[in-house]
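Participant: Structure incoming, see below.
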Amino acid sequence: MIRIQSGALSEQSDWLQLRRELWPDCPPQEHQAEIRQMLAEPQRYGCWLAYGADGVAAGLAEAALRHDYVNGTESSPVVFLEGIYVAPESRRQGIAQRLIEQVAAWGRQQGCVELASDTSLDNLPSQTLHHALGFEETERVVYFKKRL
Ligand SMILES: CC(C)(COP(=O)(O)OP(=O)(O)OC[C@H]1O[C@@H](n2cnc3c(N)ncnc32)[C@H](O)[C@@H]1OP(=O)(O)O)[C@@H](O)C(=O)NCCC(=O)NCCS
């Protein structure tokens, strides 16, 4: 039995732990600052945590309303899936699906008609998840930068 709940101050340590597993290269202080920013702007950011029957946090989804142009979309703002993570021992039980359903419901409540997302070219499990949940691929892009 999986319980999904919105990320709140009381779940901050679980939220931080799952974030560190998903984005291990990000320093802990940066995670803390981003969590604080998300909690301070609930109209703009959403977070959901999945808990197993044992009460252990098993998954995380973060989303944001994006008002800037999002590749492949036709409306604005769109709800963007900023991060999705399920602990290895809890995968293939539909947890990511449940989390993404929450993100979609939140987006609809905010008036959005599109849910967008991205993943890296080599993350085939994530691409398969997106296809399985009804996302359609829009574009493949290459990022550049030049030092000024
Ligand atoms: C990708 C990830 C979030 C999937 O979480 P999950 O809870 O296992 O996904 P679900 O159980 O909800 O999967 C739903 C469907 O997606 C597809 N799917 C999910 N993971 C898959 C995988 N590893 N291989 C193939 N298909 C997969 C399946 O069709 C699955 O349905 P099924 O199990 O009935 O076949 C998880 O593997 C993860 O956290 N990976 C590391 C972090 C990551 O890559 N995040 C995405 C970055 S954008």
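Ordering of the structure tokens sets the chain letters (A, B, ...), residue numbers begin anew at 1 in every chain, and ligands are numbered from 1 in the order given.
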Counting only C-alpha atoms and all ligand atoms, give me one row per residue of chain A with an atom at most 7 Å from an atom of ligand 1, showing the shortest contact pair and its distance in Å to one decimal, sorted by chain then residue number, as JSON lines.
Facilitator:
{"residue": "A:Leu22", "atom": "CA", "partner": "ligand 1", "partner_atom_place_in_ligand_line": "42 (C)", "distance": 5.9}
{"residue": "A:Gly83", "atom": "CA", "partner": "ligand 1", "partner_atom_place_in_ligand_line": "48 (S)", "distance": 5.9}
{"residue": "A:Ile84", "atom": "CA", "partner": "ligand 1", "partner_atom_place_in_ligand_line": "45 (N)", "distance": 4.9}
{"residue": "A:Tyr85", "atom": "CA", "partner": "ligand 1", "partner_atom_place_in_ligand_line": "39 (O)", "distance": 3.4}
{"residue": "A:Val86", "atom": "CA", "partner": "ligand 1", "partner_atom_place_in_ligand_line": "39 (O)", "distance": 3.8}
{"residue": "A:Ala87", "atom": "CA", "partner": "ligand 1", "partner_atom_place_in_ligand_line": "39 (O)", "distance": 6.0}
{"residue": "A:Pro88", "atom": "CA", "partner": "ligand 1", "partner_atom_place_in_ligand_line": "39 (O)", "distance": 6.9}
{"residue": "A:Ser90", "atom": "CA", "partner": "ligand 1", "partner_atom_place_in_ligand_line": "7 (O)", "distance": 6.7}
{"residue": "A:Arg91", "atom": "CA", "partner": "ligand 1", "partner_atom_place_in_ligand_line": "8 (O)", "distance": 3.3}
{"residue": "A:Arg92", "atom": "CA", "partner": "ligand 1", "partner_atom_place_in_ligand_line": "11 (O)", "distance": 3.3}
{"residue": "A:Gln93", "atom": "CA", "partner": "ligand 1", "partner_atom_place_in_ligand_line": "11 (O)", "distance": 4.2}
{"residue": "A:Gly94", "atom": "CA", "partner": "ligand 1", "partner_atom_place_in_ligand_line": "12 (O)", "distance": 3.3}
{"residue": "A:Ile95", "atom": "CA", "partner": "ligand 1", "partner_atom_place_in_ligand_line": "7 (O)", "distance": 4.0}
{"residue": "A:Ala96", "atom": "CA", "partner": "ligand 1", "partner_atom_place_in_ligand_line": "12 (O)", "distance": 3.7}
{"residue": "A:Gln97", "atom": "CA", "partner": "ligand 1", "partner_atom_place_in_ligand_line": "12 (O)", "distance": 3.8}
{"residue": "A:Arg98", "atom": "CA", "partner": "ligand 1", "partner_atom_place_in_ligand_line": "12 (O)", "distance": 6.6}
{"residue": "A:Asp118", "atom": "CA", "partner": "ligand 1", "partner_atom_place_in_ligand_line": "48 (S)", "distance": 5.9}
{"residue": "A:Thr119", "atom": "CA", "partner": "ligand 1", "partner_atom_place_in_ligand_line": "48 (S)", "distance": 4.3}
{"residue": "A:Asn123", "atom": "CA", "partner": "ligand 1", "partner_atom_place_in_ligand_line": "44 (O)", "distance": 6.2}
{"residue": "A:Pro125", "atom": "CA", "partner": "ligand 1", "partner_atom_place_in_ligand_line": "22 (C)", "distance": 4.1}
{"residue": "A:Ser126", "atom": "CA", "partner": "ligand 1", "partner_atom_place_in_ligand_line": "1 (C)", "distance": 4.2}
{"residue": "A:Thr128", "atom": "CA", "partner": "ligand 1", "partner_atom_place_in_ligand_line": "26 (N)", "distance": 5.0}
{"residue": "A:Leu129", "atom": "CA", "partner": "ligand 1", "partner_atom_place_in_ligand_line": "16 (O)", "distance": 3.5}
{"residue": "A:His130", "atom": "CA", "partner": "ligand 1", "partner_atom_place_in_ligand_line": "16 (O)", "distance": 6.8}
{"residue": "A:Ala132", "atom": "CA", "partner": "ligand 1", "partner_atom_place_in_ligand_line": "29 (O)", "distance": 4.8}
{"residue": "A:Leu133", "atom": "CA", "partner": "ligand 1", "partner_atom_place_in_ligand_line": "16 (O)", "distance": 6.6}
Participant: I'd like the contact shell of Pro28 (chain A) - 12 Å cut-off, only C-alpha atoms, skipping same-chain residues fewer than 2 positions apart - returned as a PyMOL selection string.
Facilitator: chain A and resi 13+15-21+23-26+30-35
Participant: If you keep N, CA, C and O atoms, can you produce a file of those selected residues as a PDB file, in the first residue's frame?
Facilitator:
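Final output, saved to out_38.pdb:
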ATOM      1  N   SER A  13      13.326  15.943   5.689  1.00  0.00           N
ATOM      2  CA  SER A  13      14.504  15.068   5.690  1.00  0.00           C
ATOM      3  C   SER A  13      14.347  13.949   4.652  1.00  0.00           C
ATOM      4  O   SER A  13      15.311  13.571   3.987  1.00  0.00           O
ATOM      5  N   TRP A  15      12.546  14.196   1.909  1.00  0.00           N
ATOM      6  CA  TRP A  15      12.638  14.925   0.635  1.00  0.00           C
ATOM      7  C   TRP A  15      14.111  15.124   0.269  1.00  0.00           C
ATOM      8  O   TRP A  15      14.547  14.812  -0.854  1.00  0.00           O
ATOM      9  N   LEU A  16      14.898  15.589   1.241  1.00  0.00           N
ATOM     10  CA  LEU A  16      16.318  15.832   1.019  1.00  0.00           C
ATOM     11  C   LEU A  16      17.038  14.532   0.665  1.00  0.00           C
ATOM     12  O   LEU A  16      17.846  14.486  -0.275  1.00  0.00           O
ATOM     13  N   GLN A  17      16.733  13.467   1.377  1.00  0.00           N
ATOM     14  CA  GLN A  17      17.385  12.182   1.132  1.00  0.00           C
ATOM     15  C   GLN A  17      17.124  11.699  -0.303  1.00  0.00           C
ATOM     16  O   GLN A  17      18.039  11.286  -1.018  1.00  0.00           O
ATOM     17  N   LEU A  18      15.856  11.762  -0.732  1.00  0.00           N
ATOM     18  CA  LEU A  18      15.515  11.299  -2.087  1.00  0.00           C
ATOM     19  C   LEU A  18      16.144  12.198  -3.145  1.00  0.00           C
ATOM     20  O   LEU A  18      16.620  11.728  -4.172  1.00  0.00           O
ATOM     21  N   ARG A  19      16.167  13.501  -2.878  1.00  0.00           N
ATOM     22  CA  ARG A  19      16.827  14.439  -3.796  1.00  0.00           C
ATOM     23  C   ARG A  19      18.305  14.105  -3.947  1.00  0.00           C
ATOM     24  O   ARG A  19      18.871  14.161  -5.026  1.00  0.00           O
ATOM     25  N   ARG A  20      18.942  13.759  -2.815  1.00  0.00           N
ATOM     26  CA  ARG A  20      20.381  13.452  -2.864  1.00  0.00           C
ATOM     27  C   ARG A  20      20.643  12.172  -3.654  1.00  0.00           C
ATOM     28  O   ARG A  20      21.672  12.031  -4.294  1.00  0.00           O
ATOM     29  N   GLU A  21      19.691  11.243  -3.608  1.00  0.00           N
ATOM     30  CA  GLU A  21      19.850  10.023  -4.408  1.00  0.00           C
ATOM     31  C   GLU A  21      19.654  10.318  -5.900  1.00  0.00           C
ATOM     32  O   GLU A  21      20.336   9.769  -6.751  1.00  0.00           O
ATOM     33  N   TRP A  23      19.946  13.439  -7.432  1.00  0.00           N
ATOM     34  CA  TRP A  23      20.942  14.405  -7.936  1.00  0.00           C
ATOM     35  C   TRP A  23      22.142  14.424  -6.998  1.00  0.00           C
ATOM     36  O   TRP A  23      22.341  15.390  -6.241  1.00  0.00           O
ATOM     37  N   PRO A  24      22.963  13.357  -7.005  1.00  0.00           N
ATOM     38  CA  PRO A  24      24.051  13.240  -6.023  1.00  0.00           C
ATOM     39  C   PRO A  24      25.141  14.310  -6.182  1.00  0.00           C
ATOM     40  O   PRO A  24      25.879  14.556  -5.234  1.00  0.00           O
ATOM     41  N   ASP A  25      25.229  14.943  -7.354  1.00  0.00           N
ATOM     42  CA  ASP A  25      26.293  15.935  -7.543  1.00  0.00           C
ATOM     43  C   ASP A  25      25.933  17.306  -6.977  1.00  0.00           C
ATOM     44  O   ASP A  25      26.777  18.191  -6.921  1.00  0.00           O
ATOM     45  N   CYS A  26      24.699  17.490  -6.590  1.00  0.00           N
ATOM     46  CA  CYS A  26      24.272  18.788  -6.066  1.00  0.00           C
ATOM     47  C   CYS A  26      24.630  18.858  -4.566  1.00  0.00           C
ATOM     48  O   CYS A  26      24.284  17.953  -3.806  1.00  0.00           O
ATOM     49  N   GLU A  30      22.594  23.348  -1.383  1.00  0.00           N
ATOM     50  CA  GLU A  30      21.819  23.763  -2.552  1.00  0.00           C
ATOM     51  C   GLU A  30      20.457  23.056  -2.565  1.00  0.00           C
ATOM     52  O   GLU A  30      19.435  23.654  -2.883  1.00  0.00           O
ATOM     53  N   HIS A  31      20.469  21.768  -2.201  1.00  0.00           N
ATOM     54  CA  HIS A  31      19.192  21.048  -2.085  1.00  0.00           C
ATOM     55  C   HIS A  31      18.289  21.755  -1.067  1.00  0.00           C
ATOM     56  O   HIS A  31      17.113  21.979  -1.308  1.00  0.00           O
ATOM     57  N   GLN A  32      18.886  22.084   0.093  1.00  0.00           N
ATOM     58  CA  GLN A  32      18.096  22.738   1.165  1.00  0.00           C
ATOM     59  C   GLN A  32      17.508  24.053   0.666  1.00  0.00           C
ATOM     60  O   GLN A  32      16.339  24.354   0.917  1.00  0.00           O
ATOM     61  N   ALA A  33      18.332  24.840  -0.045  1.00  0.00           N
ATOM     62  CA  ALA A  33      17.872  26.147  -0.533  1.00  0.00           C
ATOM     63  C   ALA A  33      16.732  25.960  -1.534  1.00  0.00           C
ATOM     64  O   ALA A  33      15.733  26.692  -1.518  1.00  0.00           O
ATOM     65  N   GLU A  34      16.850  24.952  -2.392  1.00  0.00           N
ATOM     66  CA  GLU A  34      15.803  24.737  -3.396  1.00  0.00           C
ATOM     67  C   GLU A  34      14.511  24.250  -2.744  1.00  0.00           C
ATOM     68  O   GLU A  34      13.416  24.638  -3.139  1.00  0.00           O
ATOM     69  N   ILE A  35      14.644  23.396  -1.725  1.00  0.00           N
ATOM     70  CA  ILE A  35      13.451  22.933  -1.001  1.00  0.00           C
ATOM     71  C   ILE A  35      12.751  24.130  -0.341  1.00  0.00           C
ATOM     72  O   ILE A  35      11.531  24.278  -0.421  1.00  0.00           O
TER      73      ILE A  35
END
Participant: Of the candidates A:Arg44, A:Glu114, A:Gln37, A:Ile2, which shows the shortest atom-to-atom distance to Ser76 (chain A), using only C-alpha atoms?
Facilitator: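 Of A:Arg44, A:Glu114, A:Gln37, A:Ile2, the one nearest Ser76 (chain A) is A:Glu114, counting only C-alpha atoms.
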Participant: So that I can check the surroundings of Gly72 (chain A), please list as a list in words every protein, DNA and RNA residue that reaches within 10 Å of it, counting only C-alpha atoms and ignoring chain neighbours fewer than 6 positions away.
Facilitator: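 The neighbour list is Ala116, Glu136, Glu137, Thr138, Glu139 and Arg140 of chain A.
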Participant: Please dump the current selection as a PDB file, in the first residue's frame; keep C-alpha atoms.
Facilitator:
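Just written: selection.pdb:
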ATOM      1  CA  ALA A 116       5.963  18.418 -20.162  1.00  0.00           C
ATOM      2  CA  GLU A 136       4.728  11.692 -26.660  1.00  0.00           C
ATOM      3  CA  GLU A 137       8.286  12.563 -27.627  1.00  0.00           C
ATOM      4  CA  THR A 138       8.542  16.081 -29.045  1.00  0.00           C
ATOM      5  CA  GLU A 139      12.165  17.101 -29.700  1.00  0.00           C
ATOM      6  CA  ARG A 140      15.768  16.009 -29.165  1.00  0.00           C
TER       7      ARG A 140
END
Participant: Which of region 11-109 of chain A end up as strand (DSSP E) when DSSP is run on this backbone - answer as an mmCIF file with all heavy atoms, in the first residue's frame?
Facilitator:
data_model
loop_
_atom_site.group_PDB
_atom_site.id
_atom_site.type_symbol
_atom_site.label_atom_id
_atom_site.label_comp_id
_atom_site.auth_asym_id
_atom_site.auth_seq_id
_atom_site.Cartn_x
_atom_site.Cartn_y
_atom_site.Cartn_z
ATOM 1 N N TYR A 45 5.541 25.807 -7.438
ATOM 2 C CA TYR A 45 6.247 24.524 -7.322
ATOM 3 C C TYR A 45 5.407 23.507 -6.572
ATOM 4 O O TYR A 45 4.716 23.855 -5.602
ATOM 5 C CB TYR A 45 7.559 24.706 -6.552
ATOM 6 C CG TYR A 45 8.534 25.643 -7.198
ATOM 7 C CD1 TYR A 45 8.791 26.893 -6.646
ATOM 8 C CD2 TYR A 45 9.197 25.281 -8.370
ATOM 9 C CE1 TYR A 45 9.690 27.770 -7.237
ATOM 10 C CE2 TYR A 45 10.097 26.145 -8.969
ATOM 11 C CZ TYR A 45 10.333 27.389 -8.402
ATOM 12 O OH TYR A 45 11.213 28.244 -8.996
ATOM 13 N N GLY A 46 5.519 22.246 -6.984
ATOM 14 C CA GLY A 46 4.844 21.163 -6.256
ATOM 15 C C GLY A 46 5.815 20.019 -6.020
ATOM 16 O O GLY A 46 6.722 19.778 -6.833
ATOM 17 N N CYS A 47 5.640 19.338 -4.901
ATOM 18 C CA CYS A 47 6.466 18.167 -4.613
ATOM 19 C C CYS A 47 5.590 17.108 -3.972
ATOM 20 O O CYS A 47 4.706 17.432 -3.162
ATOM 21 C CB CYS A 47 7.586 18.549 -3.659
ATOM 22 S SG CYS A 47 8.401 17.096 -2.967
ATOM 23 N N TRP A 48 5.798 15.862 -4.338
ATOM 24 C CA TRP A 48 5.033 14.750 -3.763
ATOM 25 C C TRP A 48 6.006 13.645 -3.379
ATOM 26 O O TRP A 48 6.965 13.354 -4.117
ATOM 27 C CB TRP A 48 4.002 14.223 -4.777
ATOM 28 C CG TRP A 48 2.963 15.248 -5.051
ATOM 29 C CD1 TRP A 48 1.744 15.389 -4.446
ATOM 30 C CD2 TRP A 48 3.059 16.343 -5.991
ATOM 31 N NE1 TRP A 48 1.093 16.507 -4.931
ATOM 32 C CE2 TRP A 48 1.881 17.116 -5.882
ATOM 33 C CE3 TRP A 48 4.030 16.771 -6.887
ATOM 34 C CZ2 TRP A 48 1.643 18.252 -6.630
ATOM 35 C CZ3 TRP A 48 3.804 17.916 -7.644
ATOM 36 C CH2 TRP A 48 2.614 18.639 -7.513
ATOM 37 N N LEU A 49 5.717 13.050 -2.228
ATOM 38 C CA LEU A 49 6.546 11.947 -1.745
ATOM 39 C C LEU A 49 5.674 10.709 -1.653
ATOM 40 O O LEU A 49 4.499 10.795 -1.265
ATOM 41 C CB LEU A 49 7.103 12.270 -0.354
ATOM 42 C CG LEU A 49 8.021 13.492 -0.260
ATOM 43 C CD1 LEU A 49 8.333 13.808 1.192
ATOM 44 C CD2 LEU A 49 9.312 13.252 -1.011
ATOM 45 N N ALA A 50 6.255 9.565 -2.012
ATOM 46 C CA ALA A 50 5.526 8.291 -1.892
ATOM 47 C C ALA A 50 6.103 7.518 -0.715
ATOM 48 O O ALA A 50 7.329 7.408 -0.582
ATOM 49 C CB ALA A 50 5.691 7.483 -3.181
ATOM 50 N N TYR A 51 5.214 7.005 0.135
ATOM 51 C CA TYR A 51 5.631 6.212 1.295
ATOM 52 C C TYR A 51 5.096 4.790 1.163
ATOM 53 O O TYR A 51 3.932 4.588 0.812
ATOM 54 C CB TYR A 51 5.101 6.830 2.588
ATOM 55 C CG TYR A 51 5.841 8.092 2.979
ATOM 56 C CD1 TYR A 51 5.419 9.327 2.514
ATOM 57 C CD2 TYR A 51 6.966 8.030 3.786
ATOM 58 C CE1 TYR A 51 6.110 10.489 2.846
ATOM 59 C CE2 TYR A 51 7.666 9.187 4.128
ATOM 60 C CZ TYR A 51 7.234 10.409 3.651
ATOM 61 O OH TYR A 51 7.923 11.548 3.980
ATOM 62 N N ALA A 57 10.120 6.449 2.999
ATOM 63 C CA ALA A 57 9.935 7.236 1.773
ATOM 64 C C ALA A 57 10.545 6.489 0.593
ATOM 65 O O ALA A 57 11.714 6.110 0.622
ATOM 66 C CB ALA A 57 10.584 8.596 1.932
ATOM 67 N N ALA A 58 9.731 6.255 -0.446
ATOM 68 C CA ALA A 58 10.171 5.413 -1.564
ATOM 69 C C ALA A 58 10.259 6.175 -2.879
ATOM 70 O O ALA A 58 10.845 5.674 -3.841
ATOM 71 C CB ALA A 58 9.207 4.242 -1.730
ATOM 72 N N GLY A 59 9.687 7.366 -2.956
ATOM 73 C CA GLY A 59 9.702 8.058 -4.236
ATOM 74 C C GLY A 59 9.417 9.535 -4.105
ATOM 75 O O GLY A 59 8.849 9.989 -3.095
ATOM 76 N N LEU A 60 9.813 10.247 -5.137
ATOM 77 C CA LEU A 60 9.710 11.710 -5.131
ATOM 78 C C LEU A 60 9.359 12.211 -6.525
ATOM 79 O O LEU A 60 9.912 11.714 -7.515
ATOM 80 C CB LEU A 60 11.087 12.283 -4.747
ATOM 81 C CG LEU A 60 11.354 13.767 -5.002
ATOM 82 C CD1 LEU A 60 10.695 14.605 -3.912
ATOM 83 C CD2 LEU A 60 12.856 14.037 -5.020
ATOM 84 N N ALA A 61 8.447 13.170 -6.595
ATOM 85 C CA ALA A 61 8.229 13.900 -7.853
ATOM 86 C C ALA A 61 8.237 15.380 -7.541
ATOM 87 O O ALA A 61 7.666 15.807 -6.529
ATOM 88 C CB ALA A 61 6.893 13.512 -8.497
ATOM 89 N N GLU A 62 8.901 16.141 -8.384
ATOM 90 C CA GLU A 62 8.871 17.600 -8.259
ATOM 91 C C GLU A 62 8.380 18.175 -9.582
ATOM 92 O O GLU A 62 8.702 17.655 -10.656
ATOM 93 C CB GLU A 62 10.269 18.146 -7.966
ATOM 94 C CG GLU A 62 10.758 17.791 -6.575
ATOM 95 C CD GLU A 62 12.054 18.511 -6.219
ATOM 96 O OE1 GLU A 62 12.512 19.360 -7.027
ATOM 97 O OE2 GLU A 62 12.601 18.208 -5.147
ATOM 98 N N ALA A 63 7.616 19.256 -9.478
ATOM 99 C CA ALA A 63 7.088 19.891 -10.683
ATOM 100 C C ALA A 63 7.092 21.398 -10.511
ATOM 101 O O ALA A 63 7.098 21.909 -9.385
ATOM 102 C CB ALA A 63 5.668 19.401 -10.952
ATOM 103 N N ALA A 64 7.083 22.097 -11.636
ATOM 104 C CA ALA A 64 7.021 23.560 -11.602
ATOM 105 C C ALA A 64 6.130 24.045 -12.722
ATOM 106 O O ALA A 64 6.011 23.386 -13.760
ATOM 107 C CB ALA A 64 8.420 24.145 -11.774
ATOM 108 N N LEU A 65 5.514 25.194 -12.504
ATOM 109 C CA LEU A 65 4.802 25.844 -13.609
ATOM 110 C C LEU A 65 5.844 26.641 -14.367
ATOM 111 O O LEU A 65 6.538 27.466 -13.777
ATOM 112 C CB LEU A 65 3.739 26.806 -13.080
ATOM 113 C CG LEU A 65 2.478 26.230 -12.482
ATOM 114 C CD1 LEU A 65 1.382 27.292 -12.472
ATOM 115 C CD2 LEU A 65 1.991 25.000 -13.228
ATOM 116 N N ARG A 66 5.970 26.390 -15.632
ATOM 117 C CA ARG A 66 6.963 27.124 -16.436
ATOM 118 C C ARG A 66 6.236 28.088 -17.367
ATOM 119 O O ARG A 66 5.399 27.665 -18.169
ATOM 120 C CB ARG A 66 7.812 26.158 -17.246
ATOM 121 C CG ARG A 66 8.781 25.370 -16.394
ATOM 122 C CD ARG A 66 9.983 25.004 -17.237
ATOM 123 N NE ARG A 66 10.845 24.061 -16.561
ATOM 124 C CZ ARG A 66 11.907 23.506 -17.140
ATOM 125 N NH1 ARG A 66 12.194 23.789 -18.401
ATOM 126 N NH2 ARG A 66 12.675 22.669 -16.471
ATOM 127 N N VAL A 78 3.002 25.781 -18.748
ATOM 128 C CA VAL A 78 2.830 24.327 -18.713
ATOM 129 C C VAL A 78 3.365 23.830 -17.380
ATOM 130 O O VAL A 78 4.197 24.477 -16.747
ATOM 131 C CB VAL A 78 3.581 23.593 -19.854
ATOM 132 C CG1 VAL A 78 3.060 24.017 -21.211
ATOM 133 C CG2 VAL A 78 5.089 23.797 -19.764
ATOM 134 N N VAL A 79 2.848 22.686 -16.960
ATOM 135 C CA VAL A 79 3.413 22.067 -15.769
ATOM 136 C C VAL A 79 4.552 21.173 -16.246
ATOM 137 O O VAL A 79 4.407 20.430 -17.213
ATOM 138 C CB VAL A 79 2.346 21.329 -14.930
ATOM 139 C CG1 VAL A 79 1.608 20.301 -15.716
ATOM 140 C CG2 VAL A 79 2.981 20.687 -13.697
ATOM 141 N N PHE A 80 5.710 21.329 -15.594
ATOM 142 C CA PHE A 80 6.908 20.602 -16.023
ATOM 143 C C PHE A 80 7.353 19.652 -14.918
ATOM 144 O O PHE A 80 7.470 20.048 -13.759
ATOM 145 C CB PHE A 80 8.037 21.594 -16.340
ATOM 146 C CG PHE A 80 9.122 20.996 -17.176
ATOM 147 C CD1 PHE A 80 9.077 21.055 -18.560
ATOM 148 C CD2 PHE A 80 10.191 20.327 -16.574
ATOM 149 C CE1 PHE A 80 10.075 20.480 -19.342
ATOM 150 C CE2 PHE A 80 11.190 19.754 -17.345
ATOM 151 C CZ PHE A 80 11.131 19.826 -18.727
ATOM 152 N N LEU A 81 7.567 18.400 -15.296
ATOM 153 C CA LEU A 81 8.055 17.399 -14.340
ATOM 154 C C LEU A 81 9.562 17.619 -14.187
ATOM 155 O O LEU A 81 10.348 17.247 -15.051
ATOM 156 C CB LEU A 81 7.764 15.990 -14.875
ATOM 157 C CG LEU A 81 8.184 14.822 -13.991
ATOM 158 C CD1 LEU A 81 7.371 14.796 -12.686
ATOM 159 C CD2 LEU A 81 8.019 13.495 -14.744
ATOM 160 N N GLU A 82 9.945 18.241 -13.097
ATOM 161 C CA GLU A 82 11.351 18.615 -12.901
ATOM 162 C C GLU A 82 12.189 17.440 -12.416
ATOM 163 O O GLU A 82 13.396 17.399 -12.649
ATOM 164 C CB GLU A 82 11.457 19.765 -11.882
ATOM 165 C CG GLU A 82 10.674 21.015 -12.261
ATOM 166 C CD GLU A 82 11.332 21.797 -13.398
ATOM 167 O OE1 GLU A 82 12.460 21.457 -13.792
ATOM 168 O OE2 GLU A 82 10.683 22.743 -13.902
ATOM 169 N N GLY A 83 11.557 16.514 -11.708
ATOM 170 C CA GLY A 83 12.316 15.372 -11.202
ATOM 171 C C GLY A 83 11.376 14.252 -10.800
ATOM 172 O O GLY A 83 10.291 14.512 -10.274
ATOM 173 N N ILE A 84 11.795 13.033 -11.094
ATOM 174 C CA ILE A 84 11.015 11.856 -10.662
ATOM 175 C C ILE A 84 12.024 10.799 -10.234
ATOM 176 O O ILE A 84 12.985 10.521 -10.960
ATOM 177 C CB ILE A 84 10.059 11.364 -11.778
ATOM 178 C CG1 ILE A 84 9.276 10.127 -11.350
ATOM 179 C CG2 ILE A 84 10.777 11.079 -13.093
ATOM 180 C CD1 ILE A 84 8.018 10.420 -10.604
ATOM 181 N N TYR A 85 11.806 10.238 -9.055
ATOM 182 C CA TYR A 85 12.770 9.251 -8.533
ATOM 183 C C TYR A 85 12.038 8.232 -7.670
ATOM 184 O O TYR A 85 11.205 8.596 -6.833
ATOM 185 C CB TYR A 85 13.837 9.950 -7.677
ATOM 186 C CG TYR A 85 14.790 8.965 -7.050
ATOM 187 C CD1 TYR A 85 15.799 8.367 -7.802
ATOM 188 C CD2 TYR A 85 14.667 8.602 -5.716
ATOM 189 C CE1 TYR A 85 16.660 7.426 -7.240
ATOM 190 C CE2 TYR A 85 15.524 7.674 -5.136
ATOM 191 C CZ TYR A 85 16.517 7.084 -5.906
ATOM 192 O OH TYR A 85 17.372 6.156 -5.353
ATOM 193 N N VAL A 86 12.376 6.968 -7.887
ATOM 194 C CA VAL A 86 11.844 5.898 -7.037
ATOM 195 C C VAL A 86 13.043 5.070 -6.567
ATOM 196 O O VAL A 86 13.917 4.709 -7.375
ATOM 197 C CB VAL A 86 10.817 5.028 -7.801
ATOM 198 C CG1 VAL A 86 10.362 3.845 -6.959
ATOM 199 C CG2 VAL A 86 9.607 5.886 -8.200
#
Participant: So that I can check the surroundings of Ser75 (chain A), please list as JSON, numbers by chain every protein, DNA and RNA residue that reaches within 9 Å of it, counting only C-alpha atoms and ignoring chain neighbours fewer than 4 positions away.
Facilitator: {"A": [69, 70, 112, 113, 114]}
Participant: What does the file look like for those residues with all heavy atoms, as an mmCIF file, in the first residue's frame?
Facilitator:
data_model
loop_
_atom_site.group_PDB
_atom_site.id
_atom_site.type_symbol
_atom_site.label_atom_id
_atom_site.label_comp_id
_atom_site.auth_asym_id
_atom_site.auth_seq_id
_atom_site.Cartn_x
_atom_site.Cartn_y
_atom_site.Cartn_z
ATOM 1 N N TYR A 69 9.106 29.542 -22.650
ATOM 2 C CA TYR A 69 8.772 28.553 -23.679
ATOM 3 C C TYR A 69 9.370 27.192 -23.319
ATOM 4 O O TYR A 69 10.535 27.081 -22.966
ATOM 5 C CB TYR A 69 9.302 29.006 -25.056
ATOM 6 C CG TYR A 69 9.106 27.943 -26.100
ATOM 7 C CD1 TYR A 69 7.822 27.572 -26.506
ATOM 8 C CD2 TYR A 69 10.198 27.277 -26.657
ATOM 9 C CE1 TYR A 69 7.635 26.570 -27.438
ATOM 10 C CE2 TYR A 69 10.018 26.274 -27.593
ATOM 11 C CZ TYR A 69 8.727 25.922 -27.976
ATOM 12 O OH TYR A 69 8.543 24.931 -28.893
ATOM 13 N N VAL A 70 8.569 26.174 -23.420
ATOM 14 C CA VAL A 70 9.043 24.807 -23.182
ATOM 15 C C VAL A 70 8.999 24.069 -24.516
ATOM 16 O O VAL A 70 7.938 23.988 -25.148
ATOM 17 C CB VAL A 70 8.157 24.088 -22.130
ATOM 18 C CG1 VAL A 70 8.534 22.628 -22.018
ATOM 19 C CG2 VAL A 70 8.290 24.776 -20.772
ATOM 20 N N CYS A 112 -3.388 24.396 -16.289
ATOM 21 C CA CYS A 112 -2.518 23.962 -17.398
ATOM 22 C C CYS A 112 -3.221 22.895 -18.236
ATOM 23 O O CYS A 112 -4.007 22.097 -17.714
ATOM 24 C CB CYS A 112 -1.220 23.366 -16.868
ATOM 25 S SG CYS A 112 -0.219 24.554 -15.980
ATOM 26 N N VAL A 113 -2.889 22.890 -19.536
ATOM 27 C CA VAL A 113 -3.441 21.859 -20.417
ATOM 28 C C VAL A 113 -2.349 20.936 -20.957
ATOM 29 O O VAL A 113 -2.636 20.019 -21.723
ATOM 30 C CB VAL A 113 -4.252 22.475 -21.585
ATOM 31 C CG1 VAL A 113 -5.488 23.185 -21.060
ATOM 32 C CG2 VAL A 113 -3.403 23.423 -22.417
ATOM 33 N N GLU A 114 -1.095 21.215 -20.592
ATOM 34 C CA GLU A 114 -0.004 20.333 -21.018
ATOM 35 C C GLU A 114 0.936 20.045 -19.843
ATOM 36 O O GLU A 114 1.245 20.940 -19.049
ATOM 37 C CB GLU A 114 0.808 20.970 -22.153
ATOM 38 C CG GLU A 114 0.058 21.015 -23.477
ATOM 39 C CD GLU A 114 0.886 21.692 -24.551
ATOM 40 O OE1 GLU A 114 1.142 22.906 -24.412
ATOM 41 O OE2 GLU A 114 1.281 21.020 -25.518
#
Participant: Mind pulling up the distance from CA of Gln102 (chain A) to CA of Ile4 (chain A)?
Facilitator: 8.4 Å
Participant: Enumerate, as an MDAnalysis selection string, the complete set of residues in region 9-118 of chain A that a backbone-based DSSP assignment places in helix (DSSP H, G or I).
Facilitator: chainID A and resid 9:22 28:40 88:90 95:109
Participant: Which residue is closest to Leu39 (chain A)? Choose from A:Asp68, A:Leu9, A:Asp54, A:Leu148 and count only C-alpha atoms.
Facilitator: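 Using only C-alpha atoms, Leu39 (chain A) sits closest to A:Leu9.
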Participant: Could you check how far CA of Asn71 (chain A) sits from CA of Phe135 (chain A), in Å to one decimal?
Facilitator: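 Those two atoms sit 13.8 Å apart.
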Participant: May I ask for the distance between CA of Gly52 (chain A) and CA of Met1 (chain A), given in Å to one decimal place?
Facilitator: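 CA of Met1 (chain A) lies at a distance of 6.2 Å from CA of Gly52 (chain A).
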